[in-house]
Amino acid sequence: MSKETRRVMARRGRFMIAVAATGAVAATMALTTTGSAAAKTATVAATHACGYSAPVGPTNPSGIYSTLSSALKSVYSSDPGALNASPWANSKPVKGPWKIGYIAFAITNPYNQHELDGLKTQFAKAKAKGLVTGSLLTNIPATLAASTPEQEIAAMQQMVREGVNAIIMEPIAGAPLVPEIDAAGKAGVPVILTDIPLPQAKYGVVVWSQNQYQADAKTLGLVKKGNLLIVRGIAGNPNDVDLYQQKIDDLKYCPNIKATSIYGDWDNASAKTAVAQYLAAHPQGVSGVLQDGGMMAGVIEAFQAEGKPVPVIADDECYAGDLSWWLAHKSSYTTYGACFNGYQGAYVFFNTALRVLAGDGPKYQTLEIPAPQVTNSNLAKFAVPGLPLTSPNEVGGPTTAWCSDACLNSYFNKPGTPGGL
């Protein structure tokens, strides 16, 4: 894809590549069933009620998946790829203190900035314990235009030459980076991939939240029937592909819902425009919305701008503004959400890197860690009252809210983060 046909956008901890030719709104795609397909859907729907989160994987269930605890089997059932043992599972400890690098695309939102700030904080704590040396080495372009796969590949090569022991990376792309990720791994440098499904990178350590599947399914259970609008992220993005497919699989249990999808680019302004245009062209209305990627505020604004009631919207990748709006309407509004902030992400990514270097042995190539789930009953723990809908603040909570040290133990052969961090 040429630079002329691609623009890069950033959201909380996910890379985003948008095809500029599609603009803010991609062509809608209606999901309909006819003939034998409809009969098959009806048969599937009869086995579970609408609101069921369909297991989509892994593709090799007879492998390492069969050895998991029931709790982890439930988690990994939403991973559509193969679940393999990590090549670092039995690696020997690397002599410290360690040099750590961080590669990311340009910072354009609070999550990304907080992730960087959080990594620096975690690095300082580790340095005080004698675990790391120097400063956190960073390679972050100043602009999105400069954020390319080629830039990240060059950054990995440079850091390996400089003798880093581990790299934490916010990938701008998927497949183009795989050869260099594996080359770094073969050179003894693990690359911790932050929240992107990339199982084809054998030597990468994927830390993936896949945090939308539960909230999406439960939201469908609230909608039950009518017209559903799916606001997708970025066309061609692997994370968007996997999240969308999960929605489609869940919809098989909801035969009374007719769904249409548009693209919102994981950006509130783009989502607002896309949804407003859709509503203007479809006066029949919408019974519910599934969105992933922090676009709830933009979706709400679109309904308000069109003078339409706000339907049930899955609050995937929550921000403080939409949580505050939800809290203010709690008496008459029910939905589900899932989210964590940049500091919480930094805690998990950094401590995963330290555990790998300490020889603690990540059991799996992909560490799938569900995000905290938000409901009407626990909303007050996450939401701050009185914030504007468009507040750029992130969801609150302690640094360990996504995954604590005890939580990480489930994914490693040896328990405990080095230095007790």
# chains A, B, ... in the order shown; residues from 1 in each chain; ligands from 1
call {"tool": "residues_around", "arguments": {"residues": "stretch 324-328 of chain A", "least_positions_apart": "6", "cutoff": "9 Å", "atoms": "only C-alpha atoms", "output": "PDB file with C-alpha atoms, in the first residue's frame"}}
result
ATOM      1  CA  ALA A 297     -18.635   9.453  22.322  1.00  0.00           C
ATOM      2  CA  THR A 334     -27.947  -0.072  30.371  1.00  0.00           C
ATOM      3  CA  THR A 335     -25.018  -1.382  28.380  1.00  0.00           C
ATOM      4  CA  ASN A 376     -24.227  -0.832  35.375  1.00  0.00           C
ATOM      5  CA  LEU A 379     -19.872   1.522  36.707  1.00  0.00           C
ATOM      6  CA  ALA A 380     -19.267   3.861  39.655  1.00  0.00           C
ATOM      7  CA  PHE A 382     -14.703   3.308  36.736  1.00  0.00           C
ATOM      8  CA  ALA A 383     -16.627   6.509  35.986  1.00  0.00           C
ATOM      9  CA  VAL A 384     -15.985  10.071  37.166  1.00  0.00           C
ATOM     10  CA  PRO A 385     -19.206  12.093  37.392  1.00  0.00           C
ATOM     11  CA  GLY A 386     -19.650  15.415  35.638  1.00  0.00           C
ATOM     12  CA  LEU A 387     -17.129  15.078  32.806  1.00  0.00           C
ATOM     13  CA  PRO A 388     -18.044  16.236  29.297  1.00  0.00           C
ATOM     14  CA  LEU A 389     -18.800  13.490  26.802  1.00  0.00           C
TER      15      LEU A 389
END
call {"tool": "residues_around", "arguments": {"residues": "A:Ser135", "least_positions_apart": "2", "cutoff": "9 Å", "atoms": "only C-alpha atoms", "output": "PyMOL selection string"}}
result
chain A and resi 99-101+120+123-124+127+132-133+137-138
call {"tool": "write_last_selection", "arguments": {"atoms": "N, CA and C atoms", "output": "PDB file, in the first residue's frame"}}
result
ATOM      1  N   LYS A  99      19.040  -3.683  29.222  1.00  0.00           N
ATOM      2  CA  LYS A  99      18.706  -2.506  28.415  1.00  0.00           C
ATOM      3  C   LYS A  99      17.368  -2.778  27.731  1.00  0.00           C
ATOM      4  N   ILE A 100      16.440  -1.861  27.874  1.00  0.00           N
ATOM      5  CA  ILE A 100      15.095  -2.036  27.316  1.00  0.00           C
ATOM      6  C   ILE A 100      14.810  -0.932  26.294  1.00  0.00           C
ATOM      7  N   GLY A 101      14.225  -1.320  25.160  1.00  0.00           N
ATOM      8  CA  GLY A 101      13.851  -0.358  24.127  1.00  0.00           C
ATOM      9  C   GLY A 101      12.352  -0.311  23.928  1.00  0.00           C
ATOM     10  N   LYS A 120       8.125   4.623  31.366  1.00  0.00           N
ATOM     11  CA  LYS A 120       9.227   5.329  32.007  1.00  0.00           C
ATOM     12  C   LYS A 120       9.169   5.167  33.529  1.00  0.00           C
ATOM     13  N   PHE A 123      10.238   1.677  34.333  1.00  0.00           N
ATOM     14  CA  PHE A 123      11.684   1.578  34.128  1.00  0.00           C
ATOM     15  C   PHE A 123      12.419   2.154  35.332  1.00  0.00           C
ATOM     16  N   ALA A 124      11.953   3.310  35.827  1.00  0.00           N
ATOM     17  CA  ALA A 124      12.603   3.939  36.986  1.00  0.00           C
ATOM     18  C   ALA A 124      12.531   3.039  38.213  1.00  0.00           C
ATOM     19  N   LYS A 127      14.992   0.258  37.700  1.00  0.00           N
ATOM     20  CA  LYS A 127      16.370   0.732  37.832  1.00  0.00           C
ATOM     21  C   LYS A 127      16.745   0.880  39.302  1.00  0.00           C
ATOM     22  N   VAL A 132      17.570  -2.823  35.577  1.00  0.00           N
ATOM     23  CA  VAL A 132      17.819  -2.253  34.256  1.00  0.00           C
ATOM     24  C   VAL A 132      18.896  -1.181  34.373  1.00  0.00           C
ATOM     25  N   THR A 133      19.428  -0.788  33.239  1.00  0.00           N
ATOM     26  CA  THR A 133      20.497   0.195  33.232  1.00  0.00           C
ATOM     27  C   THR A 133      20.212   1.285  32.203  1.00  0.00           C
ATOM     28  N   LEU A 137      15.240   3.281  26.124  1.00  0.00           N
ATOM     29  CA  LEU A 137      15.559   3.717  24.766  1.00  0.00           C
ATOM     30  C   LEU A 137      14.270   3.783  23.958  1.00  0.00           C
ATOM     31  N   THR A 138      14.021   4.893  23.298  1.00  0.00           N
ATOM     32  CA  THR A 138      12.767   5.062  22.571  1.00  0.00           C
ATOM     33  C   THR A 138      13.009   5.434  21.114  1.00  0.00           C
TER      34      THR A 138
END
call {"tool": "closest_residue", "arguments": {"among": "A:Ile230, A:Val395, A:Ala346, A:Val356", "to": "A:Gln122", "atoms": "only C-alpha atoms"}}
result
A:Ala346
call {"tool": "residues_around", "arguments": {"residues": "A:Pro415", "least_positions_apart": "6", "cutoff": "8 Å", "atoms": "only C-alpha atoms", "output": "list in words"}}
result
Asp360, Ala406, Leu408 and Asn409 of chain A
call {"tool": "atom_distance", "arguments": {"atom1": "atom CA of A:Pro55", "atom2": "atom CA of A:Cys407"}}
result
22.2 Å
call {"tool": "select_by_dssp", "arguments": {"residues": "stretch 130-165 of chain A", "states": "helix (DSSP H, G or I)", "output": "PyMOL selection string"}}
result
chain A and resi 149-161
call {"tool": "residues_around", "arguments": {"residues": "A:Val348", "least_positions_apart": "5", "cutoff": "12 Å", "atoms": "only C-alpha atoms", "output": "VMD selection string"}}
result
chain A and resid 115 118 to 119 122 168 192 to 195 206 to 209 340 to 343 353 to 355 367 to 369 371 399 to 409 411 417 421
call {"tool": "closest_residue", "arguments": {"among": "A:Leu243, A:Ser331, A:Gly285, A:Tyr336", "to": "A:Val310", "atoms": "only C-alpha atoms"}}
result
A:Gly285
call {"tool": "residues_around", "arguments": {"residues": "A:Pro110", "least_positions_apart": "4", "cutoff": "8 Å", "atoms": "only C-alpha atoms", "output": "list in words"}}
result
Arg12, His114, Gly342, Pro392, Asn393 and Glu394 of chain A
call {"tool": "residues_around", "arguments": {"residues": "A:Gly163", "least_positions_apart": "3", "cutoff": "9 Å", "atoms": "only C-alpha atoms", "output": "count of residues only"}}
result
5
call {"tool": "select_by_dssp", "arguments": {"residues": "stretch 118-241 of chain A", "states": "strand (DSSP E)", "output": "PyMOL selection string"}}
result
chain A and resi 137-139+166-169+191-194+204-208+226-232
call {"tool": "atom_distance", "arguments": {"atom1": "atom CA of A:Leu83", "atom2": "atom CA of A:Asp242"}}
result
14.9 Å
call {"tool": "atom_distance", "arguments": {"atom1": "atom CA of A:Asn109", "atom2": "atom CA of A:Tyr213"}}
result
23.5 Å
call {"tool": "closest_residue", "arguments": {"among": "A:Val164, A:Ala235, A:Ile103, A:Val178", "to": "A:Asn139", "atoms": "only C-alpha atoms"}}
result
A:Ile103
call {"tool": "closest_residue", "arguments": {"among": "A:Gln291, A:Leu72, A:Pro190, A:Ser62", "to": "A:Asn165", "atoms": "only C-alpha atoms"}}
result
A:Pro190
call {"tool": "decode", "arguments": {"residues": "stretch 259-368 of chain A", "atoms": "C-alpha atoms", "output": "PDB file, in the first residue's frame"}}
result
ATOM      1  CA  ALA A 259     -26.666  -5.832  10.991  1.00  0.00           C
ATOM      2  CA  THR A 260     -24.908  -3.300   8.806  1.00  0.00           C
ATOM      3  CA  SER A 261     -21.290  -2.203   9.143  1.00  0.00           C
ATOM      4  CA  ILE A 262     -19.495   1.056   8.470  1.00  0.00           C
ATOM      5  CA  TYR A 263     -16.002   2.259   9.318  1.00  0.00           C
ATOM      6  CA  GLY A 264     -15.284   4.865  11.978  1.00  0.00           C
ATOM      7  CA  ASP A 265     -11.475   4.709  11.834  1.00  0.00           C
ATOM      8  CA  TRP A 266     -11.204   4.260  15.624  1.00  0.00           C
ATOM      9  CA  ASP A 267     -11.601   8.012  15.867  1.00  0.00           C
ATOM     10  CA  ASN A 268     -14.514   9.855  17.482  1.00  0.00           C
ATOM     11  CA  ALA A 269     -14.711  12.607  14.879  1.00  0.00           C
ATOM     12  CA  SER A 270     -14.695  10.125  12.003  1.00  0.00           C
ATOM     13  CA  ALA A 271     -17.197   7.894  13.784  1.00  0.00           C
ATOM     14  CA  LYS A 272     -19.540  10.818  14.399  1.00  0.00           C
ATOM     15  CA  THR A 273     -19.480  11.750  10.715  1.00  0.00           C
ATOM     16  CA  ALA A 274     -19.921   8.158   9.538  1.00  0.00           C
ATOM     17  CA  VAL A 275     -22.803   7.394  11.881  1.00  0.00           C
ATOM     18  CA  ALA A 276     -24.558  10.708  11.168  1.00  0.00           C
ATOM     19  CA  GLN A 277     -24.398  10.034   7.433  1.00  0.00           C
ATOM     20  CA  TYR A 278     -25.731   6.535   7.955  1.00  0.00           C
ATOM     21  CA  LEU A 279     -28.635   7.758  10.090  1.00  0.00           C
ATOM     22  CA  ALA A 280     -29.541  10.436   7.563  1.00  0.00           C
ATOM     23  CA  ALA A 281     -29.702   7.807   4.825  1.00  0.00           C
ATOM     24  CA  HIS A 282     -31.575   5.226   6.935  1.00  0.00           C
ATOM     25  CA  PRO A 283     -34.589   6.830   8.623  1.00  0.00           C
ATOM     26  CA  GLN A 284     -35.817   3.442   9.856  1.00  0.00           C
ATOM     27  CA  GLY A 285     -33.467   3.877  12.800  1.00  0.00           C
ATOM     28  CA  VAL A 286     -31.099   1.696  14.762  1.00  0.00           C
ATOM     29  CA  SER A 287     -31.820  -0.522  17.766  1.00  0.00           C
ATOM     30  CA  GLY A 288     -28.225  -0.894  18.901  1.00  0.00           C
ATOM     31  CA  VAL A 289     -24.587  -0.221  18.042  1.00  0.00           C
ATOM     32  CA  LEU A 290     -21.443  -2.287  18.424  1.00  0.00           C
ATOM     33  CA  GLN A 291     -18.243  -0.274  18.285  1.00  0.00           C
ATOM     34  CA  ASP A 292     -14.722  -1.084  19.346  1.00  0.00           C
ATOM     35  CA  GLY A 293     -11.907   1.355  19.804  1.00  0.00           C
ATOM     36  CA  GLY A 294     -13.188   4.170  21.982  1.00  0.00           C
ATOM     37  CA  MET A 295     -15.729   5.602  19.536  1.00  0.00           C
ATOM     38  CA  MET A 296     -18.759   5.666  21.845  1.00  0.00           C
ATOM     39  CA  ALA A 297     -18.635   9.453  22.322  1.00  0.00           C
ATOM     40  CA  GLY A 298     -18.681  10.046  18.573  1.00  0.00           C
ATOM     41  CA  VAL A 299     -21.556   7.596  18.110  1.00  0.00           C
ATOM     42  CA  ILE A 300     -23.601   9.293  20.847  1.00  0.00           C
ATOM     43  CA  GLU A 301     -22.962  12.726  19.334  1.00  0.00           C
ATOM     44  CA  ALA A 302     -24.160  11.496  15.945  1.00  0.00           C
ATOM     45  CA  PHE A 303     -27.499  10.339  17.360  1.00  0.00           C
ATOM     46  CA  GLN A 304     -27.880  13.581  19.281  1.00  0.00           C
ATOM     47  CA  ALA A 305     -27.081  15.644  16.190  1.00  0.00           C
ATOM     48  CA  GLU A 306     -29.750  13.777  14.226  1.00  0.00           C
ATOM     49  CA  GLY A 307     -32.274  14.258  17.033  1.00  0.00           C
ATOM     50  CA  LYS A 308     -32.607  10.520  17.605  1.00  0.00           C
ATOM     51  CA  PRO A 309     -32.668   8.620  20.918  1.00  0.00           C
ATOM     52  CA  VAL A 310     -29.332   7.074  21.854  1.00  0.00           C
ATOM     53  CA  PRO A 311     -29.656   3.279  21.555  1.00  0.00           C
ATOM     54  CA  VAL A 312     -27.688   0.604  23.381  1.00  0.00           C
ATOM     55  CA  ILE A 313     -24.003   1.063  22.461  1.00  0.00           C
ATOM     56  CA  ALA A 314     -21.267  -1.362  23.454  1.00  0.00           C
ATOM     57  CA  ASP A 315     -18.686   0.764  25.291  1.00  0.00           C
ATOM     58  CA  ASP A 316     -15.603  -1.063  24.107  1.00  0.00           C
ATOM     59  CA  GLU A 317     -12.350   0.724  24.891  1.00  0.00           C
ATOM     60  CA  CYS A 318     -14.020   3.164  27.266  1.00  0.00           C
ATOM     61  CA  TYR A 319     -12.905   6.696  27.877  1.00  0.00           C
ATOM     62  CA  ALA A 320     -13.738   8.815  30.908  1.00  0.00           C
ATOM     63  CA  GLY A 321     -16.161  11.027  28.965  1.00  0.00           C
ATOM     64  CA  ASP A 322     -18.425   8.253  27.714  1.00  0.00           C
ATOM     65  CA  LEU A 323     -18.308   6.528  31.100  1.00  0.00           C
ATOM     66  CA  SER A 324     -19.368   9.794  32.764  1.00  0.00           C
ATOM     67  CA  TRP A 325     -22.234  10.138  30.249  1.00  0.00           C
ATOM     68  CA  TRP A 326     -23.270   6.550  30.950  1.00  0.00           C
ATOM     69  CA  LEU A 327     -23.163   7.197  34.700  1.00  0.00           C
ATOM     70  CA  ALA A 328     -25.365  10.289  34.323  1.00  0.00           C
ATOM     71  CA  HIS A 329     -27.951   8.211  32.397  1.00  0.00           C
ATOM     72  CA  LYS A 330     -27.586   5.045  34.460  1.00  0.00           C
ATOM     73  CA  SER A 331     -31.171   5.086  35.729  1.00  0.00           C
ATOM     74  CA  SER A 332     -32.519   4.705  32.197  1.00  0.00           C
ATOM     75  CA  TYR A 333     -29.550   3.366  30.227  1.00  0.00           C
ATOM     76  CA  THR A 334     -27.947  -0.072  30.371  1.00  0.00           C
ATOM     77  CA  THR A 335     -25.018  -1.382  28.380  1.00  0.00           C
ATOM     78  CA  TYR A 336     -21.688  -3.187  28.764  1.00  0.00           C
ATOM     79  CA  GLY A 337     -18.094  -2.081  28.328  1.00  0.00           C
ATOM     80  CA  ALA A 338     -14.484  -3.163  28.696  1.00  0.00           C
ATOM     81  CA  CYS A 339     -11.354  -1.038  28.997  1.00  0.00           C
ATOM     82  CA  PHE A 340      -8.023  -0.232  30.611  1.00  0.00           C
ATOM     83  CA  ASN A 341      -5.740   2.802  30.419  1.00  0.00           C
ATOM     84  CA  GLY A 342      -2.218   3.452  29.181  1.00  0.00           C
ATOM     85  CA  TYR A 343      -0.584   3.197  32.600  1.00  0.00           C
ATOM     86  CA  GLN A 344      -2.267  -0.161  33.144  1.00  0.00           C
ATOM     87  CA  GLY A 345      -1.089  -1.334  29.737  1.00  0.00           C
ATOM     88  CA  ALA A 346       2.468  -0.159  30.467  1.00  0.00           C
ATOM     89  CA  TYR A 347       2.543  -2.145  33.703  1.00  0.00           C
ATOM     90  CA  VAL A 348       1.669  -5.381  31.903  1.00  0.00           C
ATOM     91  CA  PHE A 349       3.932  -4.835  28.874  1.00  0.00           C
ATOM     92  CA  PHE A 350       6.994  -3.833  30.924  1.00  0.00           C
ATOM     93  CA  ASN A 351       6.660  -6.567  33.507  1.00  0.00           C
ATOM     94  CA  THR A 352       6.142  -9.137  30.770  1.00  0.00           C
ATOM     95  CA  ALA A 353       9.497  -8.042  29.300  1.00  0.00           C
ATOM     96  CA  LEU A 354      11.228  -8.369  32.683  1.00  0.00           C
ATOM     97  CA  ARG A 355       9.771 -11.820  33.277  1.00  0.00           C
ATOM     98  CA  VAL A 356      10.956 -13.053  29.874  1.00  0.00           C
ATOM     99  CA  LEU A 357      14.479 -11.735  30.510  1.00  0.00           C
ATOM    100  CA  ALA A 358      14.532 -13.311  33.960  1.00  0.00           C
ATOM    101  CA  GLY A 359      13.872 -16.702  32.393  1.00  0.00           C
ATOM    102  CA  ASP A 360      10.426 -17.038  33.949  1.00  0.00           C
ATOM    103  CA  GLY A 361       9.204 -18.625  30.725  1.00  0.00           C
ATOM    104  CA  PRO A 362       6.020 -17.360  29.072  1.00  0.00           C
ATOM    105  CA  LYS A 363       3.999 -20.503  28.453  1.00  0.00           C
ATOM    106  CA  TYR A 364       2.247 -19.297  25.323  1.00  0.00           C
ATOM    107  CA  GLN A 365       3.172 -17.328  22.234  1.00  0.00           C
ATOM    108  CA  THR A 366       0.082 -15.162  22.776  1.00  0.00           C
ATOM    109  CA  LEU A 367      -0.762 -13.935  26.259  1.00  0.00           C
ATOM    110  CA  GLU A 368      -4.455 -13.168  25.954  1.00  0.00           C
TER     111      GLU A 368
END
